[in-house]
Every structure is written in C-alpha cells, then in structure tokens.
Amino acid sequence: MSHVEDELTGQPECWTRAANEAARYGKELPAPGERVAIVGCGTSYFMAQAAAALREGAGHGETDAFAASEFPHHRRYDRIVALTRSGTTTEVLDLLALLGGATRTTAITADPHTPVVRAADQVVVLDYADERSVVQTRFATTALTLLRAHLGLHTGAAVTDARTALAAPLPEGLLECGQFTFLGRGWTVGLANEAALKMREASLSWAEAYPAMEYRHGPISVSAPGGATWMFGAAPEGLAGQVRGTGALWVPGELDPLAELVRAQRLAVAVAAARGLDPDRPRHLTRSVIL
C-alpha cells in the first residue's frame with residue numbers, strides 16, 4: 001500500500017478529531033465580522049477557496065482566497081489565515097514576512113517545528129493529520145474540516161459519508177476513462193479544483209475543473225465517450241442530460257462534497273496503479289516547494 005493510499009483512509013478519524021477540537025481555537029481562527037484572506041499553495045490554495053466560500057456564504061464576513069504568491073498587498077484585512085502542511089513553503093513564508101505584524105496572521109500546519117511557527121502570530125497544529133506522501137490528502141481535508149466546524153457547518157454526516165467513500169466501489173467505468181472533468185458550485189468549486197489536481201499529480205491524467213455553470217460555456221466541448229464528468233454537490237438543472245448527450249460518463253455527487261473528494265482521491269490512486277505509476281513519486285514534485 002502506498003503512503004498516499006494509507007493516509008487517505010485515515011480521514012474520517014482526522015475529521016472527527018478536528019471537529020471536536022475546533023472550539024479550542026477561538027482566538028486563532030477568524031471571528032464573525034472580520035475581513036479575512038485565506039492563502040495557500042497548490043492543494044492548500046484550493047482548500048482556501050472552499051473555506052472562503054463557506055465562510056462568506058454563512059454570513060461570517062467578507063472572505064477572499066489567494067495563492068500566496070498572488071496576494072494583493074494593497075488590500076486590507078483583519079486577519080490572514082495561511083494553510084501550509086509542511087510549514088516550509090517559500091511563498092507562504094515570504095508573505096508572512098512581508099506582512100510583518102501589520103495584519104494578524106494565523107498559520108494552520110502539520111509540523112510544529114518548522115519556520116511558519118515563528119513567522120505567524122498564531123498557529124494551529126494538526127500534527128495528527130501529517131503525511132509522508134508528496135500528494136496531499138488528509139491534512140488538506142482535515143484543515144478544511146476544522147474551518148468548517150469553526151463555522152458550525154460540519155456534521156457527522158460528512159464523516160459517515162467519508163467512510164462510505166472509502167468502502168464503496170468506485171463508479172463503474174471510471175478507471176477506463178482517459179479524461180476527467182470535475183465540477184462544483186460555491187464552496188465545492190475549490191474541491192473540484194483539488195480533485196483535478198489529485199488526478200494530475202498521482203496518475204498524470206488529463207483532468208480539468210470548472211464552476212458547473214461555466215462548464216457549459218466552452219469546456220463541455222472536451223467531453224466525449226471515454227471521458228467522465230463528476231459533479232461535487234447538487235448539479236444545475238439539465239446538466240446531467242447534457243453531459244450524457246456528449247457520450248461522457250456522468251458521475252453525480254451523492255455524498256457530502258468533502259466525502260466526494262475522498263472518492264476522487266481513491267480514483268487518482270487506482271488510475272495510477274492501473275497505469276503502472278507510483279503515486280508516492282509524482283513526476284517533478286516534492287513534498288514542499290522551497291525556492
């Protein structure tokens with residue numbers, strides 16, 4: 001069993017712990033009414049997209065998400081939340097150094113012995129969700145669960161659905177597909193982006209992601225027999241029929257969207273195995289990008 005496969009199976013337990021501990025971080029995590037930016041790189045950026053949409057949609061305050069390298073320094077925020085599993089990502093550390101105490105900063109990380117602990121004003125350590133693998137799975141979803149629970153939006157159904165996602169067979173025909181499109185709406189756009197990234201990293205697949213309504217404005221042209229389109233959350237009316245009309249396989253979002261991401265993680269590992277690839281050694285990637 002690969003590291004990534006072993007780690008993704010531990011997500012239900014990690015989510016349960018994060019949800020139970022969320023109340024401990026009242027000072028470290030954004031308060032209602034704060035203007036917040038959430039930043040990260042790669043997978044962490046996509047989790048930032050999901051968390052920002054959840055927070056603003058729940059009425060807790062204006063919330064933006066940025067790749068750490070693209071943070072708009074002319075904007076003013078009450079707090080910056082930085083997601084970094086390794087605590088060593090160059091762009092995150094550079095951003096925190098530039099902020100230099102002018103804005104409150106919180107880092108959510110897996111390792112308490114890394115530079116981000118000194119760079120941020122406050123730190124939340126999810127060491128129980130740390131990983132050996134290059135390809136992120138459980139740290140990212142556990143950090144999002146923590147933020148989701150902090151907003152009062154996490155329920156036990158997410159954990160139950162995650163167990164289902166781990167135990168149930170993958171939809172028939174997916175392993176044979178050569179192209180994958182993931183769709184989301186609202187906070188699940190970030191999850192769709194992350195699912196596509198997992199497919200690219202672990203299995204070198206042709207994978208794309210779009211907001212569900214935008215998919216109709218051009219990207220649907222890549223859908224064809226031998227491809228799959230996977231929805232995270234409820235689909236817009238008529239979309240399933242349109243996808244089936246292309247000949248592509250339609251995969252509805254039947255579980256909690258975060259549990260759907262677990263299914264996509266499993267798919268990435270399975271496709272890698274079918275192609276003779278090692279998901280623990282993704283091409284050109286390292287566990288942390290240090291420039």
# chains A, B, ... in the order shown; residues from 1 in each chain; ligands from 1
>>> select_by_dssp(residues="range 60-166 of chain A", states="strand (DSSP E)", output="count of residues only")
21
>>> residues_around(residues="Val92 in chain A", least_positions_apart="2", cutoff="8 Å", atoms="only C-alpha atoms", output="MDAnalysis selection string")
chainID A and resid 39:41 68:69 82 84 88:90 94:96
>>> write_last_selection(atoms="C-alpha atoms", output="PDB file, in the first residue's frame")
ATOM      1  CA  VAL A  39      -3.884  31.789   1.416  1.00  0.00           C
ATOM      2  CA  GLY A  40      -2.003  28.685   0.384  1.00  0.00           C
ATOM      3  CA  CYS A  41      -0.211  26.987  -2.486  1.00  0.00           C
ATOM      4  CA  ALA A  68       0.159  33.019  -1.561  1.00  0.00           C
ATOM      5  CA  SER A  69       2.284  34.331  -4.430  1.00  0.00           C
ATOM      6  CA  ALA A  82      -2.188  30.639   5.859  1.00  0.00           C
ATOM      7  CA  THR A  84       0.736  25.038   4.817  1.00  0.00           C
ATOM      8  CA  THR A  88       8.267  25.490   4.852  1.00  0.00           C
ATOM      9  CA  THR A  89       6.550  26.651   1.642  1.00  0.00           C
ATOM     10  CA  THR A  90       8.535  29.599   0.312  1.00  0.00           C
ATOM     11  CA  ASP A  94       7.623  35.247   2.187  1.00  0.00           C
ATOM     12  CA  LEU A  95       4.089  36.599   2.509  1.00  0.00           C
ATOM     13  CA  LEU A  96       4.054  36.306   6.296  1.00  0.00           C
TER      14      LEU A  96
END
>>> residues_around(residues="range 57-65 of chain A", least_positions_apart="4", cutoff="6 Å", atoms="only C-alpha atoms", output="PyMOL selection string")
chain A and resi 32-39+48-49+52-53
>>> residues_around(residues="Ala209 in chain A", least_positions_apart="4", cutoff="12 Å", atoms="only C-alpha atoms", output="PyMOL selection string")
chain A and resi 46+179-185+188-200+213-215+219-220+222+228-232
>>> select_by_dssp(residues="range 42-222 of chain A", states="helix (DSSP H, G or I)", output="PDB file with C-alpha atoms, in the first residue's frame")
ATOM      1  CA  THR A  43      -3.786  21.894  -2.626  1.00  0.00           C
ATOM      2  CA  SER A  44      -3.813  24.398   0.234  1.00  0.00           C
ATOM      3  CA  TYR A  45      -4.924  27.133  -2.155  1.00  0.00           C
ATOM      4  CA  PHE A  46      -7.878  25.043  -3.279  1.00  0.00           C
ATOM      5  CA  MET A  47      -8.829  24.363   0.338  1.00  0.00           C
ATOM      6  CA  ALA A  48      -8.603  28.119   0.885  1.00  0.00           C
ATOM      7  CA  GLN A  49     -11.073  28.643  -1.971  1.00  0.00           C
ATOM      8  CA  ALA A  50     -13.541  26.237  -0.375  1.00  0.00           C
ATOM      9  CA  ALA A  51     -13.138  27.688   3.123  1.00  0.00           C
ATOM     10  CA  ALA A  52     -13.514  31.279   1.919  1.00  0.00           C
ATOM     11  CA  ALA A  53     -16.733  30.492   0.070  1.00  0.00           C
ATOM     12  CA  LEU A  54     -18.117  28.639   3.089  1.00  0.00           C
ATOM     13  CA  ARG A  55     -17.330  31.476   5.494  1.00  0.00           C
ATOM     14  CA  GLU A  56     -18.689  34.286   3.371  1.00  0.00           C
ATOM     15  CA  GLY A  57     -21.718  32.250   2.349  1.00  0.00           C
ATOM     16  CA  ALA A  68       0.159  33.019  -1.561  1.00  0.00           C
ATOM     17  CA  SER A  69       2.284  34.331  -4.430  1.00  0.00           C
ATOM     18  CA  GLU A  70      -0.633  36.414  -5.740  1.00  0.00           C
ATOM     19  CA  THR A  90       8.535  29.599   0.312  1.00  0.00           C
ATOM     20  CA  GLU A  91       5.648  31.743  -0.932  1.00  0.00           C
ATOM     21  CA  VAL A  92       3.748  31.436   2.354  1.00  0.00           C
ATOM     22  CA  LEU A  93       6.791  32.304   4.445  1.00  0.00           C
ATOM     23  CA  ASP A  94       7.623  35.247   2.187  1.00  0.00           C
ATOM     24  CA  LEU A  95       4.089  36.599   2.509  1.00  0.00           C
ATOM     25  CA  LEU A  96       4.054  36.306   6.296  1.00  0.00           C
ATOM     26  CA  ALA A  97       7.418  38.083   6.476  1.00  0.00           C
ATOM     27  CA  LEU A  98       6.144  40.926   4.305  1.00  0.00           C
ATOM     28  CA  LEU A  99       3.053  41.362   6.448  1.00  0.00           C
ATOM     29  CA  VAL A 116       5.954  29.026   9.855  1.00  0.00           C
ATOM     30  CA  VAL A 117       5.527  28.666  13.614  1.00  0.00           C
ATOM     31  CA  ARG A 118       7.805  31.658  14.100  1.00  0.00           C
ATOM     32  CA  ALA A 119       6.518  33.573  11.086  1.00  0.00           C
ATOM     33  CA  ASP A 127       0.137  17.055  13.604  1.00  0.00           C
ATOM     34  CA  TYR A 128      -2.154  14.033  13.771  1.00  0.00           C
ATOM     35  CA  ALA A 129      -3.041  14.694  10.116  1.00  0.00           C
ATOM     36  CA  ARG A 138      -5.788  14.001   4.850  1.00  0.00           C
ATOM     37  CA  PHE A 139      -4.049  17.189   6.006  1.00  0.00           C
ATOM     38  CA  ALA A 140      -5.899  19.296   3.458  1.00  0.00           C
ATOM     39  CA  THR A 141      -9.321  17.860   4.196  1.00  0.00           C
ATOM     40  CA  THR A 142      -8.712  17.945   7.946  1.00  0.00           C
ATOM     41  CA  ALA A 143      -7.766  21.635   7.810  1.00  0.00           C
ATOM     42  CA  LEU A 144     -10.941  22.334   5.840  1.00  0.00           C
ATOM     43  CA  THR A 145     -12.971  20.312   8.334  1.00  0.00           C
ATOM     44  CA  LEU A 146     -11.527  22.384  11.174  1.00  0.00           C
ATOM     45  CA  LEU A 147     -12.579  25.599   9.438  1.00  0.00           C
ATOM     46  CA  ARG A 148     -15.942  24.126   8.532  1.00  0.00           C
ATOM     47  CA  ALA A 149     -16.582  23.082  12.136  1.00  0.00           C
ATOM     48  CA  HIS A 150     -15.453  26.513  13.361  1.00  0.00           C
ATOM     49  CA  GLY A 156     -21.407  13.828  11.492  1.00  0.00           C
ATOM     50  CA  ALA A 157     -22.870  13.047   8.076  1.00  0.00           C
ATOM     51  CA  ALA A 158     -19.601  14.147   6.476  1.00  0.00           C
ATOM     52  CA  VAL A 159     -17.664  11.525   8.449  1.00  0.00           C
ATOM     53  CA  THR A 160     -20.267   8.849   7.739  1.00  0.00           C
ATOM     54  CA  ASP A 161     -20.123   9.671   4.035  1.00  0.00           C
ATOM     55  CA  ALA A 162     -16.326   9.583   4.102  1.00  0.00           C
ATOM     56  CA  ARG A 163     -16.463   6.033   5.426  1.00  0.00           C
ATOM     57  CA  THR A 164     -18.846   5.180   2.603  1.00  0.00           C
ATOM     58  CA  ALA A 165     -16.496   6.806   0.090  1.00  0.00           C
ATOM     59  CA  LEU A 166     -13.674   4.595   1.349  1.00  0.00           C
ATOM     60  CA  ALA A 167     -15.662   1.366   1.403  1.00  0.00           C
ATOM     61  CA  LEU A 174     -14.230   5.369 -14.329  1.00  0.00           C
ATOM     62  CA  LEU A 175     -10.915   3.503 -14.393  1.00  0.00           C
ATOM     63  CA  GLU A 176     -11.122   3.147 -18.161  1.00  0.00           C
ATOM     64  CA  THR A 188     -17.308  22.955  -3.933  1.00  0.00           C
ATOM     65  CA  VAL A 189     -15.532  24.707  -6.821  1.00  0.00           C
ATOM     66  CA  GLY A 190     -12.394  24.522  -4.657  1.00  0.00           C
ATOM     67  CA  LEU A 191     -12.998  20.810  -4.115  1.00  0.00           C
ATOM     68  CA  ALA A 192     -13.402  20.254  -7.853  1.00  0.00           C
ATOM     69  CA  ASN A 193     -10.111  22.065  -8.455  1.00  0.00           C
ATOM     70  CA  GLU A 194      -8.440  19.838  -5.876  1.00  0.00           C
ATOM     71  CA  ALA A 195      -9.878  16.648  -7.361  1.00  0.00           C
ATOM     72  CA  ALA A 196      -8.467  17.552 -10.761  1.00  0.00           C
ATOM     73  CA  LEU A 197      -5.090  18.311  -9.193  1.00  0.00           C
ATOM     74  CA  LYS A 198      -5.055  14.899  -7.486  1.00  0.00           C
ATOM     75  CA  MET A 199      -5.671  13.191 -10.820  1.00  0.00           C
ATOM     76  CA  ARG A 200      -2.855  15.122 -12.459  1.00  0.00           C
ATOM     77  CA  GLU A 201      -0.364  14.623  -9.634  1.00  0.00           C
ATOM     78  CA  ALA A 202      -0.932  10.965  -8.850  1.00  0.00           C
ATOM     79  CA  SER A 203      -1.886   9.488 -12.211  1.00  0.00           C
ATOM     80  CA  GLU A 214     -19.276  27.799 -16.649  1.00  0.00           C
ATOM     81  CA  TYR A 215     -18.671  24.286 -17.947  1.00  0.00           C
ATOM     82  CA  ARG A 216     -21.435  24.890 -20.480  1.00  0.00           C
ATOM     83  CA  PRO A 219     -15.350  23.322 -21.648  1.00  0.00           C
ATOM     84  CA  ILE A 220     -18.188  20.871 -22.394  1.00  0.00           C
ATOM     85  CA  SER A 221     -16.639  20.589 -25.859  1.00  0.00           C
ATOM     86  CA  VAL A 222     -13.891  18.323 -24.454  1.00  0.00           C
TER      87      VAL A 222
END
>>> closest_residue(among="A:Ser133, A:Ser86, A:Gln122, A:Ser223", to="Lys27 in chain A", atoms="only C-alpha atoms")
A:Gln122
>>> closest_atom_pairs(of="range 70-126 of chain A", to="range 11-24 of chain A", cutoff="12 Å", atoms="only C-alpha atoms", output="JSON lines")
{"residue": "A:Ile108", "atom": "CA", "partner": "A:Ala18", "partner_atom": "CA", "distance": 11.9}
{"residue": "A:Val124", "atom": "CA", "partner": "A:Arg24", "partner_atom": "CA", "distance": 9.9}
{"residue": "A:Val125", "atom": "CA", "partner": "A:Ala18", "partner_atom": "CA", "distance": 10.5}
{"residue": "A:Leu126", "atom": "CA", "partner": "A:Ala18", "partner_atom": "CA", "distance": 8.0}
>>> closest_residue(among="A:Ala67, A:Ala270, A:Ala248, A:Ala31", to="Leu204 in chain A", atoms="only C-alpha atoms")
A:Ala270
>>> atom_distance(atom1="CA of Pro225 in chain A", atom2="CA of Val251 in chain A")
13.7 Å
>>> residues_around(residues="Thr105 in chain A", least_positions_apart="4", cutoff="6 Å", atoms="only C-alpha atoms", output="ChimeraX atom specification")
/A:79-81,120-121
>>> atom_distance(atom1="CA of Leu261 in chain A", atom2="CA of Ala212 in chain A")
15.9 Å
>>> decode(residues="range 87-214 of chain A", atoms="C-alpha atoms", output="PDB file, in the first residue's frame")
ATOM      1  CA  GLY A  87       5.390  24.874   7.268  1.00  0.00           C
ATOM      2  CA  THR A  88       8.267  25.490   4.852  1.00  0.00           C
ATOM      3  CA  THR A  89       6.550  26.651   1.642  1.00  0.00           C
ATOM      4  CA  THR A  90       8.535  29.599   0.312  1.00  0.00           C
ATOM      5  CA  GLU A  91       5.648  31.743  -0.932  1.00  0.00           C
ATOM      6  CA  VAL A  92       3.748  31.436   2.354  1.00  0.00           C
ATOM      7  CA  LEU A  93       6.791  32.304   4.445  1.00  0.00           C
ATOM      8  CA  ASP A  94       7.623  35.247   2.187  1.00  0.00           C
ATOM      9  CA  LEU A  95       4.089  36.599   2.509  1.00  0.00           C
ATOM     10  CA  LEU A  96       4.054  36.306   6.296  1.00  0.00           C
ATOM     11  CA  ALA A  97       7.418  38.083   6.476  1.00  0.00           C
ATOM     12  CA  LEU A  98       6.144  40.926   4.305  1.00  0.00           C
ATOM     13  CA  LEU A  99       3.053  41.362   6.448  1.00  0.00           C
ATOM     14  CA  GLY A 100       5.431  41.866   9.368  1.00  0.00           C
ATOM     15  CA  GLY A 101       2.894  42.329  12.148  1.00  0.00           C
ATOM     16  CA  ALA A 102       0.781  44.819  10.197  1.00  0.00           C
ATOM     17  CA  THR A 103      -2.049  42.271   9.924  1.00  0.00           C
ATOM     18  CA  ARG A 104      -2.919  39.463  12.313  1.00  0.00           C
ATOM     19  CA  THR A 105      -1.822  36.120  10.881  1.00  0.00           C
ATOM     20  CA  THR A 106      -2.731  32.540  11.679  1.00  0.00           C
ATOM     21  CA  ALA A 107      -0.968  29.512  10.229  1.00  0.00           C
ATOM     22  CA  ILE A 108      -2.569  26.077  10.053  1.00  0.00           C
ATOM     23  CA  THR A 109       0.172  23.482   9.671  1.00  0.00           C
ATOM     24  CA  ALA A 110       1.056  19.865  10.368  1.00  0.00           C
ATOM     25  CA  ASP A 111       4.545  20.390  11.787  1.00  0.00           C
ATOM     26  CA  PRO A 112       5.198  22.482  14.913  1.00  0.00           C
ATOM     27  CA  HIS A 113       8.955  22.505  14.296  1.00  0.00           C
ATOM     28  CA  THR A 114       9.085  24.495  11.076  1.00  0.00           C
ATOM     29  CA  PRO A 115       9.656  28.187  10.197  1.00  0.00           C
ATOM     30  CA  VAL A 116       5.954  29.026   9.855  1.00  0.00           C
ATOM     31  CA  VAL A 117       5.527  28.666  13.614  1.00  0.00           C
ATOM     32  CA  ARG A 118       7.805  31.658  14.100  1.00  0.00           C
ATOM     33  CA  ALA A 119       6.518  33.573  11.086  1.00  0.00           C
ATOM     34  CA  ALA A 120       2.831  33.656  12.060  1.00  0.00           C
ATOM     35  CA  ASP A 121       1.280  35.436  15.033  1.00  0.00           C
ATOM     36  CA  GLN A 122      -0.794  32.379  15.958  1.00  0.00           C
ATOM     37  CA  VAL A 123      -0.556  28.730  14.939  1.00  0.00           C
ATOM     38  CA  VAL A 124      -2.919  25.771  14.789  1.00  0.00           C
ATOM     39  CA  VAL A 125      -1.040  22.465  14.583  1.00  0.00           C
ATOM     40  CA  LEU A 126      -2.772  19.426  13.090  1.00  0.00           C
ATOM     41  CA  ASP A 127       0.137  17.055  13.604  1.00  0.00           C
ATOM     42  CA  TYR A 128      -2.154  14.033  13.771  1.00  0.00           C
ATOM     43  CA  ALA A 129      -3.041  14.694  10.116  1.00  0.00           C
ATOM     44  CA  ASP A 130       0.561  14.987   8.890  1.00  0.00           C
ATOM     45  CA  GLU A 131       1.645  12.890   5.928  1.00  0.00           C
ATOM     46  CA  ARG A 132       4.716  11.240   4.463  1.00  0.00           C
ATOM     47  CA  SER A 133       3.398  11.477   0.931  1.00  0.00           C
ATOM     48  CA  VAL A 134       4.039  14.223  -1.578  1.00  0.00           C
ATOM     49  CA  VAL A 135       0.404  14.149  -2.684  1.00  0.00           C
ATOM     50  CA  GLN A 136      -1.783  15.757  -0.017  1.00  0.00           C
ATOM     51  CA  THR A 137      -4.971  14.096   1.135  1.00  0.00           C
ATOM     52  CA  ARG A 138      -5.788  14.001   4.850  1.00  0.00           C
ATOM     53  CA  PHE A 139      -4.049  17.189   6.006  1.00  0.00           C
ATOM     54  CA  ALA A 140      -5.899  19.296   3.458  1.00  0.00           C
ATOM     55  CA  THR A 141      -9.321  17.860   4.196  1.00  0.00           C
ATOM     56  CA  THR A 142      -8.712  17.945   7.946  1.00  0.00           C
ATOM     57  CA  ALA A 143      -7.766  21.635   7.810  1.00  0.00           C
ATOM     58  CA  LEU A 144     -10.941  22.334   5.840  1.00  0.00           C
ATOM     59  CA  THR A 145     -12.971  20.312   8.334  1.00  0.00           C
ATOM     60  CA  LEU A 146     -11.527  22.384  11.174  1.00  0.00           C
ATOM     61  CA  LEU A 147     -12.579  25.599   9.438  1.00  0.00           C
ATOM     62  CA  ARG A 148     -15.942  24.126   8.532  1.00  0.00           C
ATOM     63  CA  ALA A 149     -16.582  23.082  12.136  1.00  0.00           C
ATOM     64  CA  HIS A 150     -15.453  26.513  13.361  1.00  0.00           C
ATOM     65  CA  LEU A 151     -18.255  27.958  11.221  1.00  0.00           C
ATOM     66  CA  GLY A 152     -20.768  25.483  12.641  1.00  0.00           C
ATOM     67  CA  LEU A 153     -21.151  23.817   9.235  1.00  0.00           C
ATOM     68  CA  HIS A 154     -19.647  20.394   9.941  1.00  0.00           C
ATOM     69  CA  THR A 155     -21.954  17.494  10.725  1.00  0.00           C
ATOM     70  CA  GLY A 156     -21.407  13.828  11.492  1.00  0.00           C
ATOM     71  CA  ALA A 157     -22.870  13.047   8.076  1.00  0.00           C
ATOM     72  CA  ALA A 158     -19.601  14.147   6.476  1.00  0.00           C
ATOM     73  CA  VAL A 159     -17.664  11.525   8.449  1.00  0.00           C
ATOM     74  CA  THR A 160     -20.267   8.849   7.739  1.00  0.00           C
ATOM     75  CA  ASP A 161     -20.123   9.671   4.035  1.00  0.00           C
ATOM     76  CA  ALA A 162     -16.326   9.583   4.102  1.00  0.00           C
ATOM     77  CA  ARG A 163     -16.463   6.033   5.426  1.00  0.00           C
ATOM     78  CA  THR A 164     -18.846   5.180   2.603  1.00  0.00           C
ATOM     79  CA  ALA A 165     -16.496   6.806   0.090  1.00  0.00           C
ATOM     80  CA  LEU A 166     -13.674   4.595   1.349  1.00  0.00           C
ATOM     81  CA  ALA A 167     -15.662   1.366   1.403  1.00  0.00           C
ATOM     82  CA  ALA A 168     -17.934   1.501  -1.641  1.00  0.00           C
ATOM     83  CA  PRO A 169     -16.711   0.507  -5.127  1.00  0.00           C
ATOM     84  CA  LEU A 170     -15.822   3.358  -7.447  1.00  0.00           C
ATOM     85  CA  PRO A 171     -18.413   4.090 -10.145  1.00  0.00           C
ATOM     86  CA  GLU A 172     -18.256   1.547 -12.936  1.00  0.00           C
ATOM     87  CA  GLY A 173     -16.292   2.622 -15.984  1.00  0.00           C
ATOM     88  CA  LEU A 174     -14.230   5.369 -14.329  1.00  0.00           C
ATOM     89  CA  LEU A 175     -10.915   3.503 -14.393  1.00  0.00           C
ATOM     90  CA  GLU A 176     -11.122   3.147 -18.161  1.00  0.00           C
ATOM     91  CA  CYS A 177     -11.649   6.877 -18.774  1.00  0.00           C
ATOM     92  CA  GLY A 178      -8.911   8.930 -20.373  1.00  0.00           C
ATOM     93  CA  GLN A 179     -10.193  12.402 -19.475  1.00  0.00           C
ATOM     94  CA  PHE A 180     -11.782  13.737 -16.274  1.00  0.00           C
ATOM     95  CA  THR A 181     -13.739  16.927 -15.623  1.00  0.00           C
ATOM     96  CA  PHE A 182     -14.736  17.923 -12.086  1.00  0.00           C
ATOM     97  CA  LEU A 183     -17.470  20.480 -11.445  1.00  0.00           C
ATOM     98  CA  GLY A 184     -18.557  22.439  -8.382  1.00  0.00           C
ATOM     99  CA  ARG A 185     -20.745  25.288  -7.221  1.00  0.00           C
ATOM    100  CA  GLY A 186     -19.962  27.733  -4.429  1.00  0.00           C
ATOM    101  CA  TRP A 187     -17.572  26.177  -1.939  1.00  0.00           C
ATOM    102  CA  THR A 188     -17.308  22.955  -3.933  1.00  0.00           C
ATOM    103  CA  VAL A 189     -15.532  24.707  -6.821  1.00  0.00           C
ATOM    104  CA  GLY A 190     -12.394  24.522  -4.657  1.00  0.00           C
ATOM    105  CA  LEU A 191     -12.998  20.810  -4.115  1.00  0.00           C
ATOM    106  CA  ALA A 192     -13.402  20.254  -7.853  1.00  0.00           C
ATOM    107  CA  ASN A 193     -10.111  22.065  -8.455  1.00  0.00           C
ATOM    108  CA  GLU A 194      -8.440  19.838  -5.876  1.00  0.00           C
ATOM    109  CA  ALA A 195      -9.878  16.648  -7.361  1.00  0.00           C
ATOM    110  CA  ALA A 196      -8.467  17.552 -10.761  1.00  0.00           C
ATOM    111  CA  LEU A 197      -5.090  18.311  -9.193  1.00  0.00           C
ATOM    112  CA  LYS A 198      -5.055  14.899  -7.486  1.00  0.00           C
ATOM    113  CA  MET A 199      -5.671  13.191 -10.820  1.00  0.00           C
ATOM    114  CA  ARG A 200      -2.855  15.122 -12.459  1.00  0.00           C
ATOM    115  CA  GLU A 201      -0.364  14.623  -9.634  1.00  0.00           C
ATOM    116  CA  ALA A 202      -0.932  10.965  -8.850  1.00  0.00           C
ATOM    117  CA  SER A 203      -1.886   9.488 -12.211  1.00  0.00           C
ATOM    118  CA  LEU A 204      -0.736  12.006 -14.846  1.00  0.00           C
ATOM    119  CA  SER A 205      -4.325  12.182 -16.087  1.00  0.00           C
ATOM    120  CA  TRP A 206      -5.910  14.772 -18.335  1.00  0.00           C
ATOM    121  CA  ALA A 207      -8.073  16.425 -15.696  1.00  0.00           C
ATOM    122  CA  GLU A 208      -9.849  19.769 -15.563  1.00  0.00           C
ATOM    123  CA  ALA A 209     -12.168  21.602 -13.162  1.00  0.00           C
ATOM    124  CA  TYR A 210     -14.771  24.342 -13.606  1.00  0.00           C
ATOM    125  CA  PRO A 211     -17.714  26.009 -11.910  1.00  0.00           C
ATOM    126  CA  ALA A 212     -20.654  23.888 -13.020  1.00  0.00           C
ATOM    127  CA  MET A 213     -22.481  26.641 -14.914  1.00  0.00           C
ATOM    128  CA  GLU A 214     -19.276  27.799 -16.649  1.00  0.00           C
TER     129      GLU A 214
END
